[in-house]
file work-v5.cif (mmCIF, C-alpha atoms)
data_target
loop_
_atom_site.label_atom_id
_atom_site.label_comp_id
_atom_site.auth_asym_id
_atom_site.auth_seq_id
_atom_site.Cartn_x
_atom_site.Cartn_y
_atom_site.Cartn_z
CA MET A 505 0.00 0.00 0.00
CA ARG A 506 1.39 3.37 -1.00
CA VAL A 507 2.29 5.59 1.94
CA VAL A 508 1.56 9.29 1.36
CA LYS A 509 3.33 11.65 3.71
CA GLU A 510 3.14 15.40 4.19
CA ALA A 511 5.83 17.30 2.26
CA GLU A 512 7.78 18.47 5.31
CA GLU A 513 7.68 15.05 6.91
CA ARG A 514 8.91 13.39 3.71
CA LYS A 515 11.62 16.02 3.27
CA ASN A 516 12.93 15.42 6.79
CA GLU A 517 12.83 11.67 6.22
CA ILE A 518 15.05 12.09 3.15
CA LEU A 519 17.46 14.26 5.14
CA ASP A 520 17.56 11.78 8.03
CA VAL A 521 18.47 8.93 5.68
CA ALA A 522 20.98 11.06 3.77
CA GLU A 523 22.66 12.09 7.02
CA ARG A 524 23.00 8.45 8.05
CA LEU A 525 24.31 7.31 4.66
CA PHE A 526 26.72 10.23 4.27
CA GLY A 527 27.99 9.31 7.74
CA THR A 528 28.67 5.69 6.86
CA LYS A 529 29.62 5.93 3.17
CA GLY A 530 30.62 9.55 2.69
CA PHE A 531 29.05 12.06 0.30
CA ASP A 532 30.78 10.77 -2.84
CA GLY A 533 30.19 7.16 -1.81
CA THR A 534 26.44 7.64 -1.49
CA SER A 535 24.23 7.69 -4.58
CA THR A 536 20.69 8.98 -4.90
CA SER A 537 19.70 5.35 -5.55
CA ASP A 538 21.06 4.44 -2.11
CA ILE A 539 18.79 7.06 -0.55
CA LEU A 540 15.79 5.96 -2.63
CA ASN A 541 16.26 2.30 -1.73
CA GLU A 542 16.67 3.07 1.96
CA ILE A 543 13.40 5.02 2.12
CA GLY A 544 11.50 3.05 -0.50
CA ILE A 545 10.29 5.96 -2.61
CA ALA A 546 10.25 6.71 -6.34
CA ARG A 547 12.94 8.87 -7.93
CA GLY A 548 10.29 11.43 -8.86
CA THR A 549 9.36 11.83 -5.20
CA LEU A 550 12.97 12.54 -4.28
CA TYR A 551 13.39 15.08 -7.07
CA TYR A 552 10.15 16.78 -6.07
CA HIS A 553 11.92 17.83 -2.86
CA PHE A 554 15.55 18.03 -4.01
CA LYS A 555 16.92 18.56 -7.52
CA SER A 556 20.28 16.90 -6.84
CA LYS A 557 22.38 15.07 -4.26
CA GLU A 558 24.30 18.29 -3.56
CA GLU A 559 21.02 20.05 -2.82
CA ILE A 560 20.26 17.31 -0.30
CA LEU A 561 23.69 17.93 1.26
CA ASP A 562 23.04 21.68 1.44
CA ALA A 563 19.67 21.14 3.15
CA MET A 564 21.15 18.59 5.56
CA ILE A 565 23.95 20.96 6.56
CA SER A 566 21.54 23.89 6.87
CA ARG A 567 19.38 21.84 9.24
CA MET A 568 22.38 20.80 11.35
CA MET A 569 23.83 24.31 11.54
CA SER A 570 20.44 25.81 12.39
CA ARG A 571 20.26 23.59 15.46
CA LEU A 572 23.73 24.66 16.60
CA ILE A 573 23.16 28.34 15.91
CA GLU A 574 19.82 28.30 17.74
CA LYS A 575 21.56 26.90 20.84
CA ALA A 576 24.26 29.57 20.58
CA GLU A 577 21.68 32.36 20.24
CA VAL A 578 19.81 31.22 23.35
CA ILE A 579 23.03 31.50 25.36
CA ALA A 580 24.25 34.76 23.82
CA VAL A 581 21.16 36.79 24.83
CA GLN A 582 21.33 35.88 28.54
CA LYS A 583 22.54 39.30 29.69
CA ASN A 584 22.51 38.24 33.36
CA ILE A 585 25.61 36.12 32.60
CA PRO A 586 28.96 37.95 32.13
CA VAL A 587 29.83 38.42 28.48
CA LEU A 588 33.07 36.38 28.55
CA GLU A 589 31.31 33.53 30.34
CA ARG A 590 28.61 33.59 27.66
CA LEU A 591 31.31 33.43 24.98
CA THR A 592 32.71 30.28 26.59
CA MET A 593 29.27 28.70 26.97
CA MET A 594 28.35 29.56 23.39
CA MET A 595 31.51 28.06 21.92
CA LEU A 596 31.07 24.91 23.99
CA SER A 597 27.53 24.59 22.63
CA LEU A 598 29.04 24.37 19.13
CA ASN A 599 31.08 21.28 20.00
CA VAL A 600 30.22 18.99 17.08
CA SER A 601 31.70 15.96 18.83
CA ASP A 602 29.43 16.38 21.85
CA GLY A 603 26.36 14.58 20.53
CA ASN A 604 25.29 17.22 17.99
CA PHE A 605 26.42 15.08 15.06
CA GLY A 606 26.67 11.34 14.72
CA GLN A 607 30.23 10.16 15.29
CA GLU A 608 30.33 8.37 11.92
CA LEU A 609 29.34 11.55 10.12
CA LEU A 610 31.98 13.47 12.06
CA LYS A 611 34.65 11.02 10.88
CA GLN A 612 33.49 11.35 7.28
CA ILE A 613 33.59 15.15 7.41
CA HIS A 614 37.34 15.10 8.09
CA LYS A 615 38.22 12.71 5.26
CA PRO A 616 39.90 14.35 2.21
CA GLN A 617 37.33 12.85 -0.18
CA ASN A 618 34.56 14.64 1.72
CA ALA A 619 36.18 18.09 1.53
CA LEU A 620 33.04 19.55 -0.05
CA MET A 621 30.92 18.49 2.93
CA HIS A 622 33.49 19.96 5.35
CA GLN A 623 33.74 23.22 3.41
CA LYS A 624 29.97 23.68 3.25
CA MET A 625 29.61 23.06 7.00
CA GLU A 626 32.35 25.55 7.84
CA LYS A 627 30.84 28.23 5.58
CA SER A 628 27.34 27.72 6.97
CA LEU A 629 28.55 27.86 10.58
CA LEU A 630 30.60 31.01 9.96
CA PHE A 631 27.60 32.71 8.35
CA GLY A 632 25.40 31.96 11.36
CA ILE A 633 27.86 32.36 14.22
CA ASN A 634 29.83 35.44 13.15
CA PRO A 635 26.98 37.91 13.91
CA ILE A 636 26.58 36.37 17.39
CA ILE A 637 30.30 36.66 18.21
CA THR A 638 30.29 40.21 16.79
CA ASP A 639 27.44 41.20 19.11
CA LEU A 640 29.33 39.77 22.11
CA ILE A 641 32.44 41.75 21.11
CA ARG A 642 30.37 44.93 20.82
CA GLU A 643 28.86 44.26 24.24
CA GLY A 644 32.36 43.79 25.63
CA MET A 645 33.35 47.13 24.07
CA GLU A 646 30.42 48.87 25.77
CA GLN A 647 31.59 47.43 29.08
CA GLY A 648 35.20 48.48 28.50
CA ILE A 649 36.44 44.88 28.36
CA CYS A 650 37.80 45.11 24.82
CA GLN A 651 38.21 47.63 22.01
CA THR A 652 38.43 47.37 18.23
CA ASP A 653 37.35 49.44 15.26
CA TYR A 654 36.48 46.25 13.38
CA PRO A 655 34.37 43.96 15.60
CA GLU A 656 32.82 41.99 12.73
CA GLU A 657 36.17 41.37 11.04
CA ALA A 658 37.79 40.48 14.38
CA ALA A 659 35.06 37.90 14.98
CA GLU A 660 35.54 36.46 11.49
CA MET A 661 39.33 36.28 11.80
CA THR A 662 39.07 34.61 15.20
CA PHE A 663 36.57 32.00 14.03
CA LEU A 664 38.38 31.17 10.80
CA TYR A 665 41.78 30.86 12.47
CA ALA A 666 40.49 28.72 15.32
CA ASN A 667 38.43 26.57 13.00
CA THR A 668 41.44 25.93 10.76
CA VAL A 669 44.33 25.54 13.21
CA PHE A 670 42.34 23.66 15.84
CA ASP A 671 40.23 21.63 13.41
CA ASP A 672 41.72 18.47 14.84
CA LEU A 673 43.82 19.00 17.96
CA MET A 674 44.68 15.31 18.01
CA GLU A 675 47.06 15.90 15.10
CA HIS A 676 49.29 17.98 17.39
CA SER A 677 51.53 16.75 20.19
CA GLU A 678 50.47 17.93 23.65
CA GLU A 679 53.33 20.45 23.66
CA GLU A 680 52.32 21.82 20.26
CA LYS A 681 48.68 21.95 21.28
CA GLN A 682 49.41 23.97 24.43
CA ARG A 683 51.70 26.36 22.56
CA LYS A 684 49.07 27.00 19.88
CA ILE A 685 46.39 27.62 22.51
CA ALA A 686 48.66 30.03 24.42
CA ALA A 687 49.54 31.85 21.18
CA PHE A 688 45.87 32.03 20.19
CA ILE A 689 44.93 33.65 23.51
CA TYR A 690 47.93 36.01 23.40
CA ASN A 691 47.15 37.25 19.89
CA LEU A 692 43.39 37.43 20.39
CA GLU A 693 43.87 39.68 23.44
CA ARG A 694 45.98 42.00 21.33
CA LEU A 695 43.55 41.91 18.43
CA LEU A 696 40.82 43.09 20.80
CA ASN A 697 43.07 45.38 22.89
CA MET A 698 42.37 43.42 26.06
CA GLU A 699 44.37 43.20 29.25
CA GLN A 700 46.94 40.40 29.06
CA GLY A 701 45.59 37.19 30.60
CA SER A 702 41.98 38.41 30.67
CA LEU A 703 40.81 35.87 28.06
CA LYS A 704 42.54 32.82 29.50
CA SER A 705 39.69 31.70 31.78
CA ALA A 706 37.19 32.11 28.92
CA VAL A 707 39.18 30.32 26.21
CA ILE A 708 40.94 27.44 28.00
CA PRO A 709 37.68 25.54 28.83
CA ILE A 710 36.76 25.52 25.13
CA PHE A 711 39.85 23.52 24.22
CA GLN A 712 39.71 21.35 27.31
CA ASN A 713 36.31 20.15 26.08
CA GLY A 714 37.69 19.27 22.64
CA ASN A 715 36.01 22.10 20.76
CA LYS A 716 37.41 23.64 17.61
#

call {"tool": "encode", "arguments": {"input": "work-v5.cif", "output": "structure tokens"}}
result
Amino acid sequence: MRVVKEAEERKNEILDVAERLFGTKGFDGTSTSDILNEIGIARGTLYYHFKSKEEILDAMISRMMSRLIEKAEVIAVQKNIPVLERLTMMMLSLNVSDGNFGQELLKQIHKPQNALMHQKMEKSLLFGINPIITDLIREGMEQGICQTDYPEEAAEMTFLYANTVFDDLMEHSEEEKQRKIAAFIYNLERLLNMEQGSLKSAVIPIFQNGNK
């Protein structure tokens, strides 16, 4: 008997299956036929919702990033919490290895053959998170904690550097890891004209919890 589902329900079902298959087989290793067979729908049904496999990937990433960004936004607006503490909490909420993504998908993201998936995730996260970090920097400026003429660019530079250099801390020796963290804090304090050592308590917990 043919099962007819509401459009949004069917769309999410396709994304759920795609997320699972991309996690086990990678983006390039998964075909649209794999997704069709897993769900048991006709090709026309799939193409009604998504025109291509890459469009499925874009929608899957958008859904994932929206969940992360929503969590970050909830934390960022809690003005009763000190701004630097909120920055720490927000960054910890973005920890992709802390149950937000399936571990198999996380492994696939970091494989060279899945560079497109990794690049799209990074771009989507930057687009959503940069305004939140910028607002926290501006709030810190109002409170006299930091100062910069370019808060948006400072937020972007900080995110991109951290997301690149600390993409996989396990690739570094413990000595290298600690040196990079110390250098990151040192240079970020100067970028934002902050008192030396003032960011240490906010930044160290992020790396201790395995975040990027």

call {"tool": "resolve_selection", "arguments": {"input": "work-v5.cif", "expression": "the PyMOL selection byres ((chain A and resi 625) around 10)", "output": "ChimeraX atom specification"}}
result
/A:561-562,564-566,568-569,613,619-624,626-631

call {"tool": "residues_around", "arguments": {"input": "work-v5.cif", "residues": "segment 549-555 of chain A", "least_positions_apart": "5", "cutoff": "12 Å", "atoms": "all atoms listed in the file", "output": "ChimeraX atom specification"}}
result
/A:507-519,521-522,536-544,560-564

call {"tool": "residues_around", "arguments": {"input": "work-v5.cif", "residues": "segment 584-588 of chain A", "least_positions_apart": "4", "cutoff": "9 Å", "atoms": "only C-alpha atoms", "output": "PyMOL selection string"}}
result
chain A and resi 579-580+592-593+640-641+643-644+703+705-707

call {"tool": "closest_residue", "arguments": {"input": "work-v5.cif", "among": "A:Leu572, A:Leu596, A:Leu591, A:Ala687", "to": "Thr638 of chain A", "atoms": "all atoms listed in the file"}}
result
A:Leu591

call {"tool": "resolve_selection", "arguments": {"input": "work-v5.cif", "expression": "the PyMOL selection byres ((chain A and resi 636) around 9)", "output": "PyMOL selection string"}}
result
chain A and resi 573+576-577+580+632-635+637-641+659

call {"tool": "atom_distance", "arguments": {"input": "work-v5.cif", "atom1": "atom CA of Gln582 of chain A", "atom2": "atom CA of Gly648 of chain A"}}
result
18.7 Å

call {"tool": "atom_distance", "arguments": {"input": "work-v5.cif", "atom1": "atom CA of Met698 of chain A", "atom2": "atom CA of Lys681 of chain A"}}
result
22.9 Å

call {"tool": "atom_distance", "arguments": {"input": "work-v5.cif", "atom1": "atom CA of Pro709 of chain A", "atom2": "atom CA of Glu678 of chain A"}}
result
15.8 Å

call {"tool": "axis_aligned_box", "arguments": {"input": "work-v5.cif", "around": "segment 578-592 of chain A", "padding_each_side": "5 Å", "output": "JSON"}}
result
{"center_x": 26.4, "center_y": 34.8, "center_z": 28.4, "size_x": 23.3, "size_y": 19.0, "size_z": 20.0}

call {"tool": "resolve_selection", "arguments": {"input": "work-v5.cif", "expression": "the PyMOL selection byres ((chain A and resi 652) around 9)", "output": "VMD selection string"}}
result
chain A and resid 641 to 642 645 650 to 651 653 to 655 658 695 to 697

call {"tool": "closest_residue", "arguments": {"input": "work-v5.cif", "among": "A:Arg571, A:Ser677, A:Ala546, A:Glu558", "to": "Thr534 of chain A", "atoms": "all atoms listed in the file"}}
result
A:Glu558
